[in-house]
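Before any comments, here is the structure.
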Amino acid sequence: MSRFWIAVFTLVIGSSIVVAQVVESPTTVPRRAWLLESDLGFANWDRGGHRGGTLETTELGVASVFLSVGLTADFDVQFGFDGWIQSEESSTDVKTKTAGRGDF
């Protein structure tokens with residue numbers, strides 16, 4: 001399989017996965033209603049090539065919360081918050097680690 005088709009396949013599959021992560025609920029919340037979703041925790045680990053070396057990324061998170069509010073029958077707004085996140089990236093020559101309160 002050529003590199004072009006591998007790249008196309010990766011983009012198609014990768015973009016569908018990213019879209020699935022942005023919206024936690026597959027339905028629209030009805031007008032004047034709200035939906036609260038939460039996760040106790042999550043973990044991600046990724047390893048790949050980076051400029052001739054390897055790049056490893058590890059993420060841990062606790063208390064993710066998503067709030068969806070219905071504005072119309074076909075439109076809702078979502079707010080998300082990660083309570084605490086720890087992220088660690090290491091390559092062949094550099095290692096960084098951050099931890100703290102998540103983003104809104």
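Chain labels A, B, ... are given in the sequence in which chains occur in the structure tokens; within each chain residues are numbered consecutively from 1, and ligands are likewise numbered from 1 in the order shown.
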
- Message: as a list of chain:residue names, please: every residue in segment 52-85 of chain A that a backbone DSSP assignment puts in strand (DSSP E).
- Response: A:Gly53, A:Thr54, A:Leu55, A:Glu56, A:Thr57, A:Thr58, A:Glu59, A:Leu60, A:Gly61, A:Val62, A:Ala63, A:Ser64, A:Val65, A:Phe66, A:Leu67, A:Ser68, A:Val69, A:Gly70, A:Asp76, A:Val77, A:Gln78, A:Phe79, A:Gly80, A:Phe81, A:Asp82, A:Gly83, A:Trp84, A:Ile85

Could you make a table, as JSON lines, of the residues of segment 34-63 of chain A that have an atom within 8 Å of an atom of segment 77-90 of chain A, each with its nearest atom pair and distance in Å to one decimal, counting only C-alpha atoms, in chain and number order?
```
{"residue": "A:Leu55", "atom": "CA", "partner": "A:Ser90", "partner_atom": "CA", "distance": 5.8}
{"residue": "A:Glu56", "atom": "CA", "partner": "A:Ser90", "partner_atom": "CA", "distance": 5.3}
{"residue": "A:Thr57", "atom": "CA", "partner": "A:Glu89", "partner_atom": "CA", "distance": 4.5}
{"residue": "A:Thr58", "atom": "CA", "partner": "A:Glu88", "partner_atom": "CA", "distance": 5.2}
{"residue": "A:Glu59", "atom": "CA", "partner": "A:Ser87", "partner_atom": "CA", "distance": 4.5}
{"residue": "A:Leu60", "atom": "CA", "partner": "A:Gln86", "partner_atom": "CA", "distance": 5.2}
{"residue": "A:Gly61", "atom": "CA", "partner": "A:Ile85", "partner_atom": "CA", "distance": 4.3}
{"residue": "A:Val62", "atom": "CA", "partner": "A:Trp84", "partner_atom": "CA", "distance": 5.3}
{"residue": "A:Ala63", "atom": "CA", "partner": "A:Gly83", "partner_atom": "CA", "distance": 4.9}
```

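With atom CA of Arg3 of chain A on one side and atom CA of Trp45 of chain A on the other, the separation reads 24.2 Å.
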
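Proximity to Phe66 of chain A was assessed for A:Leu36, A:Val29, A:Ala43, A:Ile6 counting only C-alpha atoms; the smallest distance is recorded for A:Leu36.
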
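Pairwise distance (atom CA of Asp39 of chain A, atom CA of Leu71 of chain A) equals 24.3 Å.
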
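Take the candidates A:Thr96, A:Pro30, A:Gly102, A:Phe4 and check each one against Val65 of chain A using only C-alpha atoms; the shortest distance goes to A:Gly102.
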
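Comparing A:Ser91, A:Thr98, A:Thr28, A:Ser68 by their smallest distance to Asp46 of chain A, the closest is A:Ser91 (using only C-alpha atoms).
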